[in-house]
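Q: A single structure is presented below for examination.
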Amino acid sequence: MSPALPDPPSTPPTRRAVLRAGACGLLGAAAAGCGFMPAAPPDAKALAPVRARVDGDLVYFNWADFVDPSVFEGFEKEYGVKVVQSNFDSMEGMVAKLNAGNRYDIVFPTAKWAQRLVRGGRLRRIDHSQLPHAKAVFGSYTYFADPWYDPGSAHTVPFTAYKTGIGWRRDRIGELTGSWRDLWSDKARGKVFLLDDRDEVLGMGALELGLGVSTGDPGELHRISSLLGTLRPRLRGFSSDSYNNLLNGNAVMTQAWSGDMAAMLNQADDPSVFGFQAPREGTPINSDCYAIPWNAPHPGTAMLFIDYMLRPENVRKNIEYIGYPMPVAGSEKIYADLVEPFPECLVTEDDLKADLFFRNGSRTAEDARDTAWTHVKAG
């Protein structure tokens, strides 16, 4: 039986208005935290690096609306190929399609999911020498030369980096104090949203208590869920559509991804009425990656696409389009100018080294986090 083809394009939620980080338990993950239990590991040839060359159209699988359309058009014109797009609305959804045998040339996992894909033998190795523009990443952003989720960046290239903080309306509640405790402010009661995201919400509670963002300890998770239980009656709800909630007034304060707040600047009539803070207790950090699945039908074209995305002119276009920084040397001022009203959106090398990434835990730890999240949402 031939592998399933990608689904036809649909109209999914745009940008990050979706549940992002997922629960390991949903995939029946192994104790090592890997979401894959392949019947037989791919052979070495299937995982070997490939030469960057046109070997067919590009079958692309990503969050919706996360590459500037003009970049796609330029790639198609230069290489004489078509970009066949499909979109997912969660990491679990992406992995489910891969596990079902769907074939894509390029996917975009977050850091912890990239680690699962690598451990499961589901990604091709990437020869950096085949990517002339990769020096602008690995030669300047040393963190990504050997990240925890993919030693030596042997299977991935970083696409974006971002942090989680608090967005708010200055015109409605004034200034904040710079703490996660601001979410409990009486001024915002009934007009506060948390992200509809297990790791982000539990991580916020953990940071407020001085605990690890990925803790799977039942006692610590009980403390976190108890703390969040005091916030639950003050919430309007859980939503990952952070910037629209602020723009339309549904929220006066919301837990938010820095990139979404930067994207909001393109739509706000008066950016000065909004604010974004990275709380002093710490802010979770994450990264999306370019990755080529083991069964990609056109891996050579995928390599060309990665390098094309790293060209300076395309980095500029994409940063300005999506609002998320790309860890590419020379792009720093582009992003700094974009987020001038929200300087705490910037992701620095120090932010990366603070190591507040969400990590994969054991099956028991992930189950405990699932249970805590269920309790938090149930109130």
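Going through the structure tokens in order, the chains are called A, B, and so on, while each chain numbers its residues from 1 and the ligands are numbered from 1 in the order shown.
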Which residues come within 10 Å of stretch 197-205 of chain A, counting only C-alpha atoms, excluding same-chain residues fewer than 5 positions away, as number ranges by chain?

A: A: 18-23, 164-165, 180-181, 210-215, 221, 223-228, 238-240, 255-257, 279, 281-284, 356-359, 369-370, 372-374, 376-377

Q: Point out the residue among A:Thr301, A:Thr371, A:Ser179, A:Thr230 with the least atom-to-atom distance to A:Ala278, counting only C-alpha atoms.

A: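 Ranking A:Thr301, A:Thr371, A:Ser179, A:Thr230 by distance to A:Ala278, first place goes to A:Ser179.
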
Q: May I have the residues within 12 Å of A:Glu332 as a list in words, using only C-alpha atoms and disregarding those fewer than 5 positions away in the same chain?

A: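 Skipping anything fewer than 5 positions along the chain leaves Ala136, Val137, Ser140, Tyr141, Pro312, Val315, Arg316, Ile319, Glu320, Tyr324, Pro325, Met326, Pro327, Asp337, Leu338, Val339, Glu340, Cys345, Leu346, Val347, Thr348 and Glu349 of chain A.
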
Q: Can I get the selected residues back with C-alpha atoms, as an mmCIF file, in the first residue's frame?

A:
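As written to disk, result-v3.cif reads:
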```cif
data_model
loop_
_atom_site.group_PDB
_atom_site.id
_atom_site.type_symbol
_atom_site.label_atom_id
_atom_site.label_comp_id
_atom_site.auth_asym_id
_atom_site.auth_seq_id
_atom_site.Cartn_x
_atom_site.Cartn_y
_atom_site.Cartn_z
ATOM 1 C CA ALA A 136 24.033 33.197 9.466
ATOM 2 C CA VAL A 137 22.293 30.954 12.011
ATOM 3 C CA SER A 140 26.127 33.640 15.220
ATOM 4 C CA TYR A 141 23.518 31.951 17.407
ATOM 5 C CA PRO A 312 18.361 38.018 4.123
ATOM 6 C CA VAL A 315 14.083 36.708 6.485
ATOM 7 C CA ARG A 316 13.033 40.363 6.450
ATOM 8 C CA ILE A 319 9.675 38.634 10.193
ATOM 9 C CA GLU A 320 7.567 41.583 9.153
ATOM 10 C CA TYR A 324 8.116 36.294 15.166
ATOM 11 C CA PRO A 325 11.905 36.772 15.180
ATOM 12 C CA MET A 326 14.103 34.429 13.202
ATOM 13 C CA PRO A 327 17.528 33.582 14.693
ATOM 14 C CA ASP A 337 12.252 48.053 14.872
ATOM 15 C CA LEU A 338 9.075 46.022 14.455
ATOM 16 C CA VAL A 339 8.574 45.573 18.210
ATOM 17 C CA GLU A 340 9.794 49.001 19.319
ATOM 18 C CA CYS A 345 9.276 40.729 22.810
ATOM 19 C CA LEU A 346 12.970 40.502 21.919
ATOM 20 C CA VAL A 347 14.543 37.073 22.431
ATOM 21 C CA THR A 348 18.205 37.327 23.382
ATOM 22 C CA GLU A 349 20.994 34.797 23.737
#
```

Q: May I have the residues within 10 Å of stretch 243-246 of chain A as a PyMOL selection string, using only C-alpha atoms and disregarding those fewer than 2 positions away in the same chain?

A: chain A and resi 16-17+167-169+191-193+239-241+248-257+259-265+267-268+274

Q: Please determine, counting only C-alpha atoms, which residue among A:Trp294, A:Phe66, A:Tyr104, A:Tyr162 has the shortest atom-to-atom distance to A:Leu117.

A: A:Trp294

Q: Just how far from atom CA of A:Met303 is atom CA of A:Thr110, in Å to one decimal?

A: 18.8 Å

Q: Could you list, as a list in words, every residue within 9 Å of A:Ala296, counting only C-alpha atoms and ignoring same-chain residues fewer than 4 positions away?

A: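 Here the answer would be Val59, Arg103, Tyr104, Asp105, Ile106, Arg124, Ile292 and Ala302 of chain A.
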
Q: Emit the selected residues as a short mmCIF file (atom, residue, chain, number, x, y, z; two decimals), in the first residue's frame, including N, CA, C and O atoms.

A:
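Wrote out-v5.cif, looks like this:
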```cif
data_model
loop_
_atom_site.label_atom_id
_atom_site.label_comp_id
_atom_site.auth_asym_id
_atom_site.auth_seq_id
_atom_site.Cartn_x
_atom_site.Cartn_y
_atom_site.Cartn_z
N VAL A 59 6.04 19.74 -0.70
CA VAL A 59 4.85 19.41 0.09
C VAL A 59 5.10 19.94 1.50
O VAL A 59 5.94 19.41 2.24
N ARG A 103 2.81 11.97 3.85
CA ARG A 103 4.18 12.31 3.45
C ARG A 103 4.28 13.80 3.15
O ARG A 103 3.54 14.35 2.34
N TYR A 104 5.19 14.45 3.86
CA TYR A 104 5.46 15.88 3.69
C TYR A 104 6.96 16.07 3.50
O TYR A 104 7.77 15.31 4.05
N ASP A 105 7.32 17.11 2.78
CA ASP A 105 8.74 17.40 2.57
C ASP A 105 9.33 18.22 3.70
O ASP A 105 10.52 18.11 4.00
N ILE A 106 8.50 19.05 4.32
CA ILE A 106 9.02 19.90 5.40
C ILE A 106 7.92 20.13 6.43
O ILE A 106 6.76 20.36 6.09
N ARG A 124 15.09 13.22 8.68
CA ARG A 124 16.33 13.12 7.92
C ARG A 124 17.40 13.97 8.59
O ARG A 124 17.11 15.03 9.18
N ILE A 292 12.84 17.80 8.08
CA ILE A 292 12.48 17.01 6.90
C ILE A 292 12.14 15.60 7.37
O ILE A 292 13.01 14.89 7.89
N ALA A 302 13.12 20.34 -0.31
CA ALA A 302 13.00 20.86 1.06
C ALA A 302 14.29 21.55 1.49
O ALA A 302 14.25 22.61 2.13
#
```

Q: Rounded to one decimal, what separation in Å do you get between atom CA of A:Leu176 and atom CA of A:Tyr321?

A: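 Computing the Euclidean distance for atom CA of A:Leu176 and atom CA of A:Tyr321 yields 28.6 Å.
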
Q: Write down as a PyMOL selection string the residues of stretch 40-129 of chain A whose backbone DSSP state falls under strand (DSSP E).

A: chain A and resi 58-62+83-87

Q: Next, dump the selected residues to file, keeping only C-alpha atoms, as a PDB file, in the first residue's frame.

A:
```pdb
ATOM      1  CA  LEU A  58       7.430  21.090  -2.160  1.00  0.00           C
ATOM      2  CA  VAL A  59       4.852  19.412   0.088  1.00  0.00           C
ATOM      3  CA  TYR A  60       4.672  21.840   3.018  1.00  0.00           C
ATOM      4  CA  PHE A  61       3.050  21.273   6.452  1.00  0.00           C
ATOM      5  CA  ASN A  62       2.970  24.129   8.979  1.00  0.00           C
ATOM      6  CA  VAL A  83       4.321  24.659  -3.034  1.00  0.00           C
ATOM      7  CA  VAL A  84       1.550  22.243  -2.012  1.00  0.00           C
ATOM      8  CA  GLN A  85       0.351  23.497   1.368  1.00  0.00           C
ATOM      9  CA  SER A  86      -1.363  21.710   4.223  1.00  0.00           C
ATOM     10  CA  ASN A  87      -1.793  23.123   7.724  1.00  0.00           C
TER      11      ASN A  87
END
```
